[in-house]
Amino acid sequence: MTMQTNSNHCATSTESKDSEVLHQKLVKSHFEKLGSDWSLSKSLPIGDVVKSQKYSFKKNGKSQEYDADGGFVYYKNKLVGVCENKHQKSRKNACERLAKYLFIPGIGPKNMFLTCTGPGFVNEDGQGSTGPILDLAMNAEVFILENPKPEEVKQKLQDWTDWIQSEYE
């Protein structure tokens, strides 16, 4: 298992950074155990997944990239998923980062693994803009966990990679 890293980091609080670091640790550990058919990449150049790149360039002419907290997942050198983490203090901020991945060839809802942490992911009335996104994501069968314990993340990662392996064999 290889892991390419990128120093881009957008955590906005200590809690968010801690959540992201734990997510990365659990994901990396899981994929290290799976063997050489699996790899992770922290970033995905847009030019690698579009037929014709017209708008998504940096000022230096290189392709813009998406970064994923846990990484983009490859199985037998094929892009098969993405691991993401989101920490929210309130329900006002929708967890909309999932939507951008739906435009990437090879990534459908079941190809997404998301851990959600913080008080913004506690089920209560008045769900704000996050509630509908979570319901839609769960309905579409995104592998999603809300405020999970590390053991729950490990088990869900295993379930997810078992599903991926069965789909891409």
# chains A, B, ... in the order shown; residues from 1 in each chain; ligands from 1
call {"tool": "closest_atom_pairs", "arguments": {"of": "stretch 72-164 of chain A", "to": "stretch 50-58 of chain A", "cutoff": "12 Å", "atoms": "only C-alpha atoms", "output": "CSV"}}
result
residue,atom,partner,partner_atom,distance
A:Phe103,CA,A:Val50,CA,9.6
A:Ile104,CA,A:Val50,CA,8.0
A:Pro105,CA,A:Val50,CA,8.1
A:Gly106,CA,A:Val50,CA,11.5
call {"tool": "write_last_selection", "arguments": {"atoms": "C-alpha atoms", "output": "compact mmCIF listing (two decimals), in the first residue's frame"}}
result
# COMPACT_ATOMS: atom_id res chain seq x y z
CA PHE A 103 -18.68 14.10 -10.89
CA ILE A 104 -15.50 11.99 -10.81
CA PRO A 105 -15.67 8.95 -13.10
CA GLY A 106 -15.62 5.75 -11.06
call {"tool": "select_by_dssp", "arguments": {"residues": "stretch 49-106 of chain A", "states": "alpha helix (DSSP H)", "output": "ChimeraX atom specification"}}
result
/A:97-101
call {"tool": "residues_around", "arguments": {"residues": "A:Asn85", "least_positions_apart": "4", "cutoff": "12 Å", "atoms": "only C-alpha atoms", "output": "ChimeraX atom specification"}}
result
/A:10-11,16-27,67-71,95-98,112-118,121,143-148,153
call {"tool": "closest_residue", "arguments": {"among": "A:Lys78, A:Lys42, A:Lys149, A:Lys92", "to": "A:Ile164", "atoms": "only C-alpha atoms"}}
result
A:Lys78
call {"tool": "residues_around", "arguments": {"residues": "A:Tyr75", "least_positions_apart": "4", "cutoff": "8 Å", "atoms": "only C-alpha atoms", "output": "list in words"}}
result
Asp37, Trp38, Ser39, Leu79, Val80, Gln165 and Tyr168 of chain A
call {"tool": "select_by_dssp", "arguments": {"residues": "stretch 51-122 of chain A", "states": "strand (DSSP E)", "output": "list in words"}}
result
Glu65, Tyr66, Asp67, Ala68, Asp69, Gly70, Gly71, Phe72, Val73, Tyr74, Tyr75, Lys78, Leu79, Val80, Gly81, Val82, Cys83, Glu84, Asn85, Lys86, His87, Met112, Phe113, Leu114, Thr115, Cys116 and Thr117 of chain A
call {"tool": "atom_distance", "arguments": {"atom1": "atom CA of A:Trp160", "atom2": "atom CA of A:Arg91"}}
result
26.4 Å
call {"tool": "atom_distance", "arguments": {"atom1": "atom CA of A:Ser63", "atom2": "atom CA of A:Gly47"}}
result
5.7 Å
call {"tool": "atom_distance", "arguments": {"atom1": "atom CA of A:Pro45", "atom2": "atom CA of A:Tyr66"}}
result
6.5 Å
call {"tool": "decode", "arguments": {"residues": "stretch 40-163 of chain A", "atoms": "C-alpha atoms", "output": "mmCIF file, in the first residue's frame"}}
result
data_model
loop_
_atom_site.group_PDB
_atom_site.id
_atom_site.type_symbol
_atom_site.label_atom_id
_atom_site.label_comp_id
_atom_site.auth_asym_id
_atom_site.auth_seq_id
_atom_site.Cartn_x
_atom_site.Cartn_y
_atom_site.Cartn_z
ATOM 1 C CA LEU A 40 -4.158 5.816 -1.470
ATOM 2 C CA SER A 41 -3.432 9.217 -2.923
ATOM 3 C CA LYS A 42 -4.080 12.397 -0.917
ATOM 4 C CA SER A 43 -4.911 14.385 -4.038
ATOM 5 C CA LEU A 44 -6.463 13.808 -7.435
ATOM 6 C CA PRO A 45 -5.517 16.075 -10.355
ATOM 7 C CA ILE A 46 -8.668 17.053 -12.243
ATOM 8 C CA GLY A 47 -6.770 16.529 -15.507
ATOM 9 C CA ASP A 48 -6.416 12.839 -14.633
ATOM 10 C CA VAL A 49 -10.183 12.249 -14.675
ATOM 11 C CA VAL A 50 -11.632 14.543 -17.361
ATOM 12 C CA LYS A 51 -11.637 13.944 -21.115
ATOM 13 C CA SER A 52 -10.815 17.548 -21.921
ATOM 14 C CA GLN A 53 -9.465 19.976 -19.349
ATOM 15 C CA LYS A 54 -10.471 23.558 -20.053
ATOM 16 C CA TYR A 55 -10.934 25.476 -16.791
ATOM 17 C CA SER A 56 -9.279 23.639 -13.924
ATOM 18 C CA PHE A 57 -5.726 24.937 -14.147
ATOM 19 C CA LYS A 58 -3.568 26.693 -11.575
ATOM 20 C CA LYS A 59 -1.737 29.896 -12.475
ATOM 21 C CA ASN A 60 1.393 27.818 -13.136
ATOM 22 C CA GLY A 61 -0.467 25.800 -15.795
ATOM 23 C CA LYS A 62 -0.689 22.606 -13.734
ATOM 24 C CA SER A 63 -3.979 20.880 -13.084
ATOM 25 C CA GLN A 64 -6.011 21.877 -10.055
ATOM 26 C CA GLU A 65 -6.549 19.025 -7.616
ATOM 27 C CA TYR A 66 -9.094 17.791 -5.146
ATOM 28 C CA ASP A 67 -7.696 16.737 -1.789
ATOM 29 C CA ALA A 68 -9.449 14.146 0.364
ATOM 30 C CA ASP A 69 -8.814 13.868 4.086
ATOM 31 C CA GLY A 70 -8.379 10.086 4.000
ATOM 32 C CA GLY A 71 -7.350 9.885 0.372
ATOM 33 C CA PHE A 72 -8.489 8.646 -2.996
ATOM 34 C CA VAL A 73 -8.602 4.870 -3.048
ATOM 35 C CA TYR A 74 -7.166 2.723 -5.841
ATOM 36 C CA TYR A 75 -7.686 -0.995 -6.236
ATOM 37 C CA LYS A 76 -5.456 -2.711 -8.792
ATOM 38 C CA ASN A 77 -4.479 0.760 -10.053
ATOM 39 C CA LYS A 78 -8.109 1.779 -10.701
ATOM 40 C CA LEU A 79 -9.737 4.698 -8.865
ATOM 41 C CA VAL A 80 -12.513 3.071 -6.830
ATOM 42 C CA GLY A 81 -13.312 5.416 -3.959
ATOM 43 C CA VAL A 82 -12.640 8.308 -1.669
ATOM 44 C CA CYS A 83 -12.302 8.558 2.125
ATOM 45 C CA GLU A 84 -13.399 11.872 3.587
ATOM 46 C CA ASN A 85 -13.856 13.367 7.034
ATOM 47 C CA LYS A 86 -16.052 16.264 8.108
ATOM 48 C CA HIS A 87 -16.205 17.920 11.518
ATOM 49 C CA GLN A 88 -18.998 20.430 12.155
ATOM 50 C CA LYS A 89 -19.842 22.500 15.187
ATOM 51 C CA SER A 90 -23.438 23.100 14.078
ATOM 52 C CA ARG A 91 -26.072 21.967 11.559
ATOM 53 C CA LYS A 92 -25.827 25.292 9.708
ATOM 54 C CA ASN A 93 -22.986 24.090 7.495
ATOM 55 C CA ALA A 94 -24.072 21.354 5.095
ATOM 56 C CA CYS A 95 -21.685 18.493 4.476
ATOM 57 C CA GLU A 96 -21.792 19.179 0.760
ATOM 58 C CA ARG A 97 -18.258 18.081 -0.050
ATOM 59 C CA LEU A 98 -19.693 14.686 -1.007
ATOM 60 C CA ALA A 99 -21.411 16.195 -4.045
ATOM 61 C CA LYS A 100 -18.167 17.131 -5.816
ATOM 62 C CA TYR A 101 -17.035 13.506 -5.842
ATOM 63 C CA LEU A 102 -20.113 12.396 -7.802
ATOM 64 C CA PHE A 103 -18.681 14.095 -10.894
ATOM 65 C CA ILE A 104 -15.501 11.988 -10.810
ATOM 66 C CA PRO A 105 -15.669 8.948 -13.102
ATOM 67 C CA GLY A 106 -15.624 5.752 -11.061
ATOM 68 C CA ILE A 107 -16.947 7.313 -7.875
ATOM 69 C CA GLY A 108 -20.596 6.793 -7.073
ATOM 70 C CA PRO A 109 -22.291 7.114 -3.703
ATOM 71 C CA LYS A 110 -21.213 3.641 -2.536
ATOM 72 C CA ASN A 111 -17.627 4.525 -3.457
ATOM 73 C CA MET A 112 -17.561 7.175 -0.729
ATOM 74 C CA PHE A 113 -16.520 6.572 2.862
ATOM 75 C CA LEU A 114 -17.311 9.474 5.191
ATOM 76 C CA THR A 115 -16.780 9.978 8.892
ATOM 77 C CA CYS A 116 -18.730 12.872 10.404
ATOM 78 C CA THR A 117 -17.769 14.231 13.808
ATOM 79 C CA GLY A 118 -18.785 17.021 16.130
ATOM 80 C CA PRO A 119 -21.995 18.460 17.552
ATOM 81 C CA GLY A 120 -23.181 19.248 14.018
ATOM 82 C CA PHE A 121 -23.654 15.510 13.532
ATOM 83 C CA VAL A 122 -25.909 14.775 16.479
ATOM 84 C CA ASN A 123 -29.398 13.699 15.447
ATOM 85 C CA GLU A 124 -31.923 16.222 16.753
ATOM 86 C CA ASP A 125 -34.862 18.272 15.521
ATOM 87 C CA GLY A 126 -34.004 21.339 13.450
ATOM 88 C CA GLN A 127 -31.381 19.580 11.348
ATOM 89 C CA GLY A 128 -30.520 22.699 9.343
ATOM 90 C CA SER A 129 -28.853 22.227 5.974
ATOM 91 C CA THR A 130 -26.870 19.180 7.069
ATOM 92 C CA GLY A 131 -29.884 16.956 7.770
ATOM 93 C CA PRO A 132 -31.048 16.683 4.136
ATOM 94 C CA ILE A 133 -27.520 15.987 2.883
ATOM 95 C CA LEU A 134 -27.081 13.185 5.410
ATOM 96 C CA ASP A 135 -30.457 11.640 4.594
ATOM 97 C CA LEU A 136 -29.750 11.794 0.849
ATOM 98 C CA ALA A 137 -26.260 10.351 1.323
ATOM 99 C CA MET A 138 -27.510 7.493 3.499
ATOM 100 C CA ASN A 139 -30.344 6.804 1.054
ATOM 101 C CA ALA A 140 -27.771 6.603 -1.771
ATOM 102 C CA GLU A 141 -25.766 4.114 0.344
ATOM 103 C CA VAL A 142 -22.720 6.248 1.079
ATOM 104 C CA PHE A 143 -20.640 4.447 3.721
ATOM 105 C CA ILE A 144 -21.157 7.048 6.435
ATOM 106 C CA LEU A 145 -20.600 7.169 10.180
ATOM 107 C CA GLU A 146 -21.687 9.877 12.621
ATOM 108 C CA ASN A 147 -19.481 10.505 15.659
ATOM 109 C CA PRO A 148 -18.039 6.998 15.502
ATOM 110 C CA LYS A 149 -15.671 5.280 17.873
ATOM 111 C CA PRO A 150 -12.394 4.093 16.251
ATOM 112 C CA GLU A 151 -13.546 0.450 16.327
ATOM 113 C CA GLU A 152 -16.694 1.403 14.385
ATOM 114 C CA VAL A 153 -14.559 3.133 11.745
ATOM 115 C CA LYS A 154 -12.319 0.083 11.433
ATOM 116 C CA GLN A 155 -15.308 -2.252 10.955
ATOM 117 C CA LYS A 156 -17.060 0.037 8.457
ATOM 118 C CA LEU A 157 -13.801 0.429 6.487
ATOM 119 C CA GLN A 158 -13.555 -3.353 6.307
ATOM 120 C CA ASP A 159 -17.169 -3.630 5.131
ATOM 121 C CA TRP A 160 -16.533 -0.924 2.529
ATOM 122 C CA THR A 161 -13.327 -2.416 1.128
ATOM 123 C CA ASP A 162 -14.954 -5.869 1.068
ATOM 124 C CA TRP A 163 -17.733 -4.360 -1.047
#
